[in-house]
Every structure is written in C-alpha cells, then in structure tokens.
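Here's the structure, in structure tokens; my notes come after.
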Amino acid sequence: MKVIAAYLLAVLGGNTSPSADELMDILSSVGAEADGDRVQFFLSEIEGKDITEVIASGREKLASVPAGGGGSVAVAAAVGGGSGGGTAAPAAAEPKKEEKVEEKEESDEDMGFSLFD
C-alpha cells in the first residue's frame, strides 16, 4: 500500500510515470521503507496503463465483493455507481418489509415493586 500511495502522490504531483527511484525517494522522505522488488513489480504491472482507468476498474471489482450486511452492497452500489445507474435501481426499488415486534411491558409481578418506583 505504501508503494501505491507513493505512486499516487507522484502522479498527483504531475509526474505521469514515476520511476522506482522516485517512489523510493518519496517513501524515504517520510521515513517509510519499501522493498525494491515490490516497487519494480508494481511498476511492471502498472506500466502503460492510465491510473484513472486502473482505479475505475478496481472500483468495479470491489462493487461485487460482499461487504457484510444485507443491504450495504445495494446502498454502496447506489451511492457510488454514478456511471452504472440502471443496475442498482431494481434492488433499491424493492425494500424489505420490516415486521413490527411489540414488546410487552414489564409488569410489577417481580415481588410487587419496580426498581425505579
């Protein structure tokens, strides 16, 4: 993650294709250490690709990953899916009906008095 963050900082700074040495300089400037092999591997994987396209592709992949709760995936898709708008609408159009559970009030059957009386 440190290597990716350094790469993104370099790109935001105007360098569209930072080198391994530049990434290592960024990381060392904040006291972080990075493995040179990982930096080279990352650069070989990202070489020739536009970073905005890589991020967009990653978002699409993350949208299909379950996020825990039942409705959180549909909400996340509806909130983050500005470009794919039509796919999240059917899921959001059918909200589940919540069953109302009425709790019975506690009576004074426990020895005839309440703790707060």
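Simple scheme: letters A, B, ... for chains in structure tokens order, numbers from 1 for residues in each chain, numbers from 1 for ligands in the order shown.
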Name all residues at most 7 Å from stretch 31-42 of chain A (count only C-alpha atoms; drop same-chain ones fewer than 4 positions away) and give them as a PyMOL selection string. chain A and resi 3+20+24+27+46
A:Ala5 environment, 10 Å, only C-alpha atoms, sequence neighbours closer than 5 positions dropped, as JSON, numbers by chain: {"A": [10, 11, 23, 26, 27]}
Residues just named, written with C-alpha atoms as a JSON list (two decimals), in the first residue's frame:
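Result file selection_12.json:
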[["chain", "number", "residue", "atom", "x", "y", "z"],
["A", 10, "ALA", "CA", 3.83, 11.33, -7.64],
["A", 11, "VAL", "CA", 1.01, 11.27, -10.21],
["A", 23, "LEU", "CA", 8.99, 6.25, -5.48],
["A", 26, "ILE", "CA", 9.05, 9.70, -1.71],
["A", 27, "LEU", "CA", 8.87, 6.82, 0.74]]
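Atom to atom, atom CA of A:Ser28 and atom CA of A:Glu45 stand 22.2 Å apart.
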Quick one, how far is atom CA of A:Glu22 from atom CA of A:Arg59? 26.7 Å
If I take atom CA of A:Glu47 and atom CA of A:Ala63, how far is one from the other in Å, to one decimal?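 It comes out at 24.6 Å.
Closest to A:Val30 among A:Leu62, A:Phe116, A:Ile55, A:Ala6 is A:Ala6, based on only C-alpha atoms.
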As a count of residues only, which residues of stretch 40-72 of chain A does DSSP assign to alpha helix (DSSP H)? 21
